[in-house]
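**Q** Pasting upload-v2.cif below, which is mmCIF, C-alpha atoms.
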```cif
data_data
loop_
_atom_site.label_atom_id
_atom_site.label_comp_id
_atom_site.auth_asym_id
_atom_site.auth_seq_id
_atom_site.Cartn_x
_atom_site.Cartn_y
_atom_site.Cartn_z
CA MET A 1 3.31 39.92 -26.61
CA LEU A 2 5.04 43.11 -27.71
CA ARG A 3 4.65 44.17 -31.32
CA ASN A 4 7.43 44.72 -33.80
CA ASN A 5 6.90 47.60 -36.20
CA TYR A 6 4.44 50.46 -36.13
CA TYR A 7 5.49 51.67 -39.58
CA GLU A 8 5.34 48.65 -41.87
CA GLY A 9 8.19 48.36 -44.34
CA LYS A 10 10.27 51.20 -42.86
CA ILE A 11 13.51 51.16 -40.87
CA GLU A 12 12.06 52.18 -37.53
CA ALA A 13 13.85 53.45 -34.40
CA GLY A 14 12.23 53.14 -30.99
CA CYS A 15 13.10 55.81 -28.38
CA ASP A 16 12.70 56.11 -24.63
CA GLU A 17 14.30 58.09 -21.81
CA ALA A 18 15.27 57.48 -18.19
CA GLY A 19 15.71 59.88 -15.30
CA ARG A 20 13.10 62.46 -16.14
CA GLY A 21 11.69 62.59 -12.60
CA CYS A 22 15.05 62.65 -10.81
CA LEU A 23 16.38 65.47 -8.65
CA ALA A 24 19.97 64.81 -9.66
CA GLY A 25 21.98 63.62 -12.64
CA SER A 26 21.68 63.75 -16.39
CA VAL A 27 18.69 62.49 -18.33
CA TYR A 28 19.52 59.56 -20.62
CA ALA A 29 17.70 58.38 -23.74
CA ALA A 30 18.25 55.51 -26.14
CA ALA A 31 17.32 54.83 -29.75
CA VAL A 32 17.17 51.25 -31.01
CA ILE A 33 16.58 49.75 -34.46
CA LEU A 34 15.75 46.04 -34.30
CA PRO A 35 15.69 43.58 -37.21
CA PRO A 36 12.32 43.58 -39.06
CA ASP A 37 11.06 40.21 -37.79
CA TYR A 38 12.71 40.33 -34.37
CA HIS A 39 11.21 38.38 -31.48
CA ASN A 40 12.25 38.25 -27.84
CA GLU A 41 9.65 37.22 -25.29
CA LEU A 42 11.77 38.50 -22.41
CA LEU A 43 11.75 42.10 -23.64
CA ASN A 44 9.43 44.39 -21.69
CA ASP A 45 9.22 47.86 -20.18
CA SER A 46 12.39 48.24 -18.07
CA LYS A 47 10.30 49.14 -14.99
CA GLN A 48 8.69 45.68 -15.12
CA LEU A 49 12.06 43.88 -15.03
CA THR A 50 14.50 43.06 -12.25
CA GLU A 51 17.86 44.79 -12.31
CA LYS A 52 19.60 41.51 -13.13
CA ARG A 53 17.22 40.84 -16.05
CA ARG A 54 17.69 44.40 -17.39
CA TYR A 55 21.48 44.04 -17.55
CA ALA A 56 21.23 40.59 -19.14
CA LEU A 57 18.85 41.96 -21.77
CA ARG A 58 21.13 44.94 -22.44
CA GLU A 59 23.78 42.54 -23.75
CA VAL A 60 21.19 40.76 -25.92
CA ILE A 61 19.84 44.04 -27.32
CA GLU A 62 23.32 45.37 -28.14
CA ARG A 63 24.17 42.10 -29.88
CA ASP A 64 20.91 41.74 -31.83
CA ALA A 65 20.06 45.34 -32.75
CA VAL A 66 20.68 46.65 -36.25
CA ALA A 67 21.80 49.86 -34.51
CA TRP A 68 21.56 51.41 -31.05
CA ALA A 69 22.80 54.55 -29.31
CA VAL A 70 22.46 56.48 -26.06
CA GLY A 71 22.04 60.27 -25.76
CA ILE A 72 22.70 62.35 -22.64
CA VAL A 73 21.61 65.81 -21.46
CA THR A 74 23.35 67.22 -18.38
CA PRO A 75 21.77 68.77 -15.27
CA GLU A 76 23.02 72.22 -16.38
CA GLU A 77 21.30 71.79 -19.74
CA ILE A 78 18.13 70.53 -18.05
CA ASP A 79 18.01 73.70 -15.93
CA LYS A 80 18.35 75.82 -19.07
CA VAL A 81 15.80 74.15 -21.34
CA ASN A 82 13.48 72.32 -18.85
CA ILE A 83 13.13 68.58 -18.40
CA LEU A 84 10.62 67.94 -21.20
CA ASN A 85 12.83 69.62 -23.79
CA ALA A 86 15.89 67.94 -22.29
CA SER A 87 14.28 64.48 -22.60
CA ILE A 88 13.46 65.11 -26.26
CA LEU A 89 16.96 66.52 -26.86
CA ALA A 90 18.48 63.35 -25.34
CA MET A 91 16.41 61.26 -27.78
CA HIS A 92 17.55 63.43 -30.71
CA ARG A 93 21.17 62.98 -29.58
CA ALA A 94 20.70 59.21 -29.48
CA LEU A 95 19.17 59.27 -32.98
CA ASP A 96 22.12 61.39 -34.21
CA GLN A 97 24.53 58.60 -33.25
CA LEU A 98 22.75 55.67 -34.92
CA LYS A 99 25.00 53.92 -37.43
CA VAL A 100 21.95 53.08 -39.57
CA ARG A 101 19.62 55.93 -40.50
CA PRO A 102 16.00 55.34 -39.50
CA GLU A 103 13.10 56.10 -41.82
CA ALA A 104 10.58 56.51 -39.01
CA ILE A 105 10.56 56.95 -35.22
CA ILE A 106 8.30 55.66 -32.44
CA VAL A 107 8.58 57.28 -29.02
CA ASP A 108 7.37 56.30 -25.55
CA GLY A 109 5.02 58.90 -24.08
CA ASN A 110 3.00 61.69 -25.65
CA ARG A 111 5.51 64.42 -26.49
CA PHE A 112 8.22 64.66 -29.14
CA LYS A 113 9.62 67.20 -31.58
CA PRO A 114 10.19 66.41 -35.25
CA TYR A 115 13.57 64.91 -36.07
CA ASN A 116 15.02 65.48 -39.56
CA ASP A 117 11.54 65.52 -41.13
CA LEU A 118 11.11 61.81 -40.37
CA PRO A 119 7.60 60.54 -39.59
CA HIS A 120 7.19 59.94 -35.88
CA THR A 121 4.49 58.63 -33.56
CA THR A 122 4.26 58.99 -29.78
CA ILE A 123 2.82 55.98 -27.98
CA VAL A 124 1.67 56.19 -24.36
CA LYS A 125 3.09 53.21 -22.45
CA GLY A 126 4.91 52.33 -25.67
CA ASP A 127 7.63 50.52 -23.70
CA GLY A 128 5.01 47.88 -22.89
CA LYS A 129 3.72 47.67 -26.49
CA TYR A 130 6.63 47.80 -28.96
CA LEU A 131 9.89 45.84 -28.85
CA SER A 132 12.17 48.66 -30.01
CA ILE A 133 10.81 51.07 -27.38
CA ALA A 134 11.15 48.40 -24.68
CA ALA A 135 14.75 47.84 -25.81
CA ALA A 136 15.41 51.60 -25.68
CA SER A 137 13.94 51.80 -22.18
CA ILE A 138 16.33 49.06 -20.99
CA LEU A 139 19.41 50.74 -22.49
CA ALA A 140 18.49 54.20 -21.18
CA LYS A 141 17.76 52.85 -17.70
CA THR A 142 20.85 50.66 -17.34
CA TYR A 143 23.30 53.24 -18.71
CA ARG A 144 21.82 55.90 -16.46
CA ASP A 145 22.00 53.56 -13.45
CA ASP A 146 25.70 52.94 -14.18
CA TYR A 147 26.26 56.70 -14.28
CA MET A 148 24.41 57.32 -10.99
CA ASP A 149 26.37 54.50 -9.31
CA LYS A 150 29.60 56.29 -10.30
CA LEU A 151 28.31 59.58 -8.90
CA ALA A 152 27.30 57.76 -5.71
CA GLU A 153 30.95 56.93 -5.07
CA GLU A 154 31.72 60.66 -5.18
CA TYR A 155 28.72 61.65 -3.02
CA PRO A 156 27.76 58.61 -0.90
CA GLN A 157 25.57 60.55 1.55
CA TYR A 158 22.71 60.97 -0.97
CA ASP A 159 22.10 57.20 -1.38
CA TRP A 160 22.26 57.39 -5.18
CA HIS A 161 23.19 53.70 -5.29
CA GLY A 162 19.70 53.06 -3.93
CA ASN A 163 17.56 55.85 -5.35
CA LYS A 164 19.45 56.67 -8.62
CA GLY A 165 18.68 60.36 -8.04
CA TYR A 166 14.92 59.98 -7.59
CA PRO A 167 13.20 61.96 -4.80
CA THR A 168 13.20 59.54 -1.86
CA ARG A 169 12.98 60.72 1.74
CA LYS A 170 16.61 59.73 2.35
CA HIS A 171 17.72 61.72 -0.70
CA ARG A 172 15.82 64.84 0.37
CA ASP A 173 17.01 64.53 3.98
CA ALA A 174 20.60 64.48 2.69
CA ILE A 175 19.95 67.61 0.59
CA ARG A 176 18.62 69.33 3.74
CA GLN A 177 21.66 68.26 5.73
CA PHE A 178 24.46 68.68 3.17
CA GLY A 179 22.93 70.97 0.53
CA PRO A 180 22.81 70.24 -3.19
CA THR A 181 25.73 68.90 -5.23
CA PRO A 182 26.87 70.15 -8.66
CA TYR A 183 24.79 67.27 -10.09
CA HIS A 184 21.47 68.43 -8.63
CA ARG A 185 18.95 70.05 -10.95
CA ARG A 186 18.65 73.55 -9.55
CA THR A 187 15.25 74.29 -11.10
CA PHE A 188 13.64 71.24 -9.44
CA ASN A 189 11.82 71.28 -6.10
CA LEU A 190 14.72 69.62 -4.30
CA LEU A 191 13.20 69.61 -0.83
CA GLY A 192 9.67 68.65 -1.84
CA ASP A 193 8.05 71.57 -0.04
CA THR A 194 7.26 75.20 -0.75
CA GLN A 195 10.95 76.09 -0.93
CA LEU A 196 11.53 75.61 -4.63
CA SER A 197 15.25 76.25 -4.68
CA PHE A 198 18.27 77.14 -2.63
CA ASP A 199 20.00 80.50 -2.64
CA PHE A 200 23.08 79.62 -4.65
#
```
Write the structure described by the file as structure tokens, please.
**A**
Amino acid sequence: MLRNNYYEGKIEAGCDEAGRGCLAGSVYAAAVILPPDYHNELLNDSKQLTEKRRYALREVIERDAVAWAVGIVTPEEIDKVNILNASILAMHRALDQLKVRPEAIIVDGNRFKPYNDLPHTTIVKGDGKYLSIAAASILAKTYRDDYMDKLAEEYPQYDWHGNKGYPTRKHRDAIRQFGPTPYHRRTFNLLGDTQLSFDF
């Protein structure tokens, strides 16, 4: 059973990101504030859910949440600031858009940078422990999947419908054959070998 609040008596936003380990595409993050006594037994870490269940829960989360938002950092920005900073920046951008101001923040993982002097706590595997982080993981994942599916129509040879930009063999074989797209992260090891980057 996932827990509700980490900070008792505070308006708390849960944050998570999606797409950190991808070779292509933006990194997405979500911030979600749920009602204080919220319960939903179906909510869990997005990686533990089927695609159909994730999209069904997205509608429930958007309906039930006190506030929610999604933040995006582009591949160009990722290459400039690195993926860790980009993931945190995406969370900050999501927090910026919340219609209700949080009083505290809980974040999946072990790294975060202070946001507006609000108290924050990082929680390893937080998406399997706290409802608001689980909700954020579902929003970040589904909105990023929608985005990668759109890019897949533009560049079908990379199998982004299937891999969503993650480093599968089919994805890397396509990079070898066709080269990288404008959506590939140039600072990543695109081929998975000693050749770290292409000569652009």
**Q** Name the closest residue to Asn189 (chain A) among the candidates A:Arg172, A:Arg53, A:Arg3, A:Lys80; distances are taken between atoms, counting all atoms listed in the file.
**A**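 Looking at the shortest contact to Asn189 (chain A), the residue is A:Arg172.
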**Q** What are the closest atom pairs, with distances in Å to one decimal, for each residue of region 53-150 of chain A lying within 9 Å of region 179-183 of chain A, using all atoms listed in the file, rows by chain and rising residue number, as JSON lines?
**A**
```
{"residue": "A:Thr74", "atom": "CA", "partner": "A:Tyr183", "partner_atom": "CA", "distance": 8.4}
{"residue": "A:Pro75", "atom": "CA", "partner": "A:Tyr183", "partner_atom": "CA", "distance": 6.2}
{"residue": "A:Glu76", "atom": "CA", "partner": "A:Tyr183", "partner_atom": "CA", "distance": 8.2}
```
**Q** For each of A:Val124, A:Ala13, A:Leu131, A:Ala29, take the minimum atom-to-atom distance to Gly109 (chain A), counting only C-alpha atoms, then give the residue where this is smallest.
**A** A:Val124
**Q** Under the PyMOL selection byres ((chain A and resi 134-139) around 8), which residues of this model are included? Write them out as a compact mmCIF listing (two decimals) with C-alpha atoms, in the coordinates of the input.
**A**
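The result, stored in expr02.txt:
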```
# COMPACT_ATOMS: atom_id res chain seq x y z
CA GLY A 14 12.23 53.14 -30.99
CA CYS A 15 13.10 55.81 -28.38
CA ASP A 16 12.70 56.11 -24.63
CA GLU A 17 14.30 58.09 -21.81
CA ALA A 18 15.27 57.48 -18.19
CA ALA A 29 17.70 58.38 -23.74
CA ALA A 30 18.25 55.51 -26.14
CA ALA A 31 17.32 54.83 -29.75
CA VAL A 32 17.17 51.25 -31.01
CA LEU A 43 11.75 42.10 -23.64
CA ASN A 44 9.43 44.39 -21.69
CA ASP A 45 9.22 47.86 -20.18
CA SER A 46 12.39 48.24 -18.07
CA ARG A 54 17.69 44.40 -17.39
CA TYR A 55 21.48 44.04 -17.55
CA LEU A 57 18.85 41.96 -21.77
CA ARG A 58 21.13 44.94 -22.44
CA ILE A 61 19.84 44.04 -27.32
CA VAL A 70 22.46 56.48 -26.06
CA GLY A 126 4.91 52.33 -25.67
CA ASP A 127 7.63 50.52 -23.70
CA GLY A 128 5.01 47.88 -22.89
CA LYS A 129 3.72 47.67 -26.49
CA TYR A 130 6.63 47.80 -28.96
CA LEU A 131 9.89 45.84 -28.85
CA SER A 132 12.17 48.66 -30.01
CA ILE A 133 10.81 51.07 -27.38
CA ALA A 140 18.49 54.20 -21.18
CA LYS A 141 17.76 52.85 -17.70
CA THR A 142 20.85 50.66 -17.34
CA TYR A 143 23.30 53.24 -18.71
```
**Q** Of the candidates A:Gly25, A:Gly165, A:Pro114, A:Gly71, which shows the shortest atom-to-atom distance to Leu95 (chain A), using only C-alpha atoms?
**A**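 Among the listed residues, A:Gly71 lies closest to Leu95 (chain A).
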**Q** Report the residues retrieved by the PyMOL selection byres ((chain A and resi 162) around 10) from the displayed file, expressed as a ChimeraX atom specification.
**A** /A:145,148-149,152,158-161,163-166,168,170-171
**Q** Could you check the closest approach to Arg186 (chain A) for each of A:Ile83, A:Ala90, A:Ala65, A:Ile33 and tell me which residue wins, using all atoms listed in the file?
**A**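 Nearest to Arg186 (chain A): A:Ile83.
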**Q** Which neighbours of Lys99 (chain A) fall inside 10 Å, counting all atoms listed in the file, when residues of the same chain fewer than 5 positions from it are skipped, and could you give them as a VMD selection string?
**A** chain A and resid 33 66 to 69
**Q** Could you state the separation of CA of His92 (chain A) and CA of Asn4 (chain A) in Å, given to one decimal place?
**A** 21.5 Å
**Q** Please determine, counting only C-alpha atoms, which residue among A:Ile88, A:Ile11, A:Leu98, A:Leu151 has the shortest atom-to-atom distance to Thr122 (chain A).
**A**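 The answer is A:Ile88, which sits nearest to Thr122 (chain A).
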**Q** Could you jot down the CA of Val27 (chain A) to CA of Asn40 (chain A) separation for me, Å, one decimal place?
**A**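 One can read the CA of Val27 (chain A) to CA of Asn40 (chain A) distance as 26.8 Å.
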**Q** So the first atom is CA of Ile175 (chain A) and the second is CA of Asn85 (chain A); what is the distance between them in Å, to one decimal place?
**A**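 Those two atoms sit 25.5 Å apart.
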**Q** From the options A:Arg111, A:Arg185, A:Arg176, A:Arg169, which residue's atoms come nearest to Val73 (chain A), counting all atoms listed in the file?
**A**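 Using all atoms listed in the file, the shortest distance to Val73 (chain A) belongs to A:Arg185.
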**Q** List, as a list in words, every residue that the PyMOL selection byres ((chain A and resi 113) around 12) selects in the file provided.
**A**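 What the PyMOL selection byres ((chain A and resi 113) around 12) grabs from the file is Leu84, Asn85, Ala86, Ser87, Ile88, Leu89, Ala90, Met91, His92, Ile105, Ile106, Val107, Asn110, Arg111, Phe112, Pro114, Tyr115, Asn116, Asp117, Leu118, Pro119, His120, Thr121 and Thr122 of chain A.
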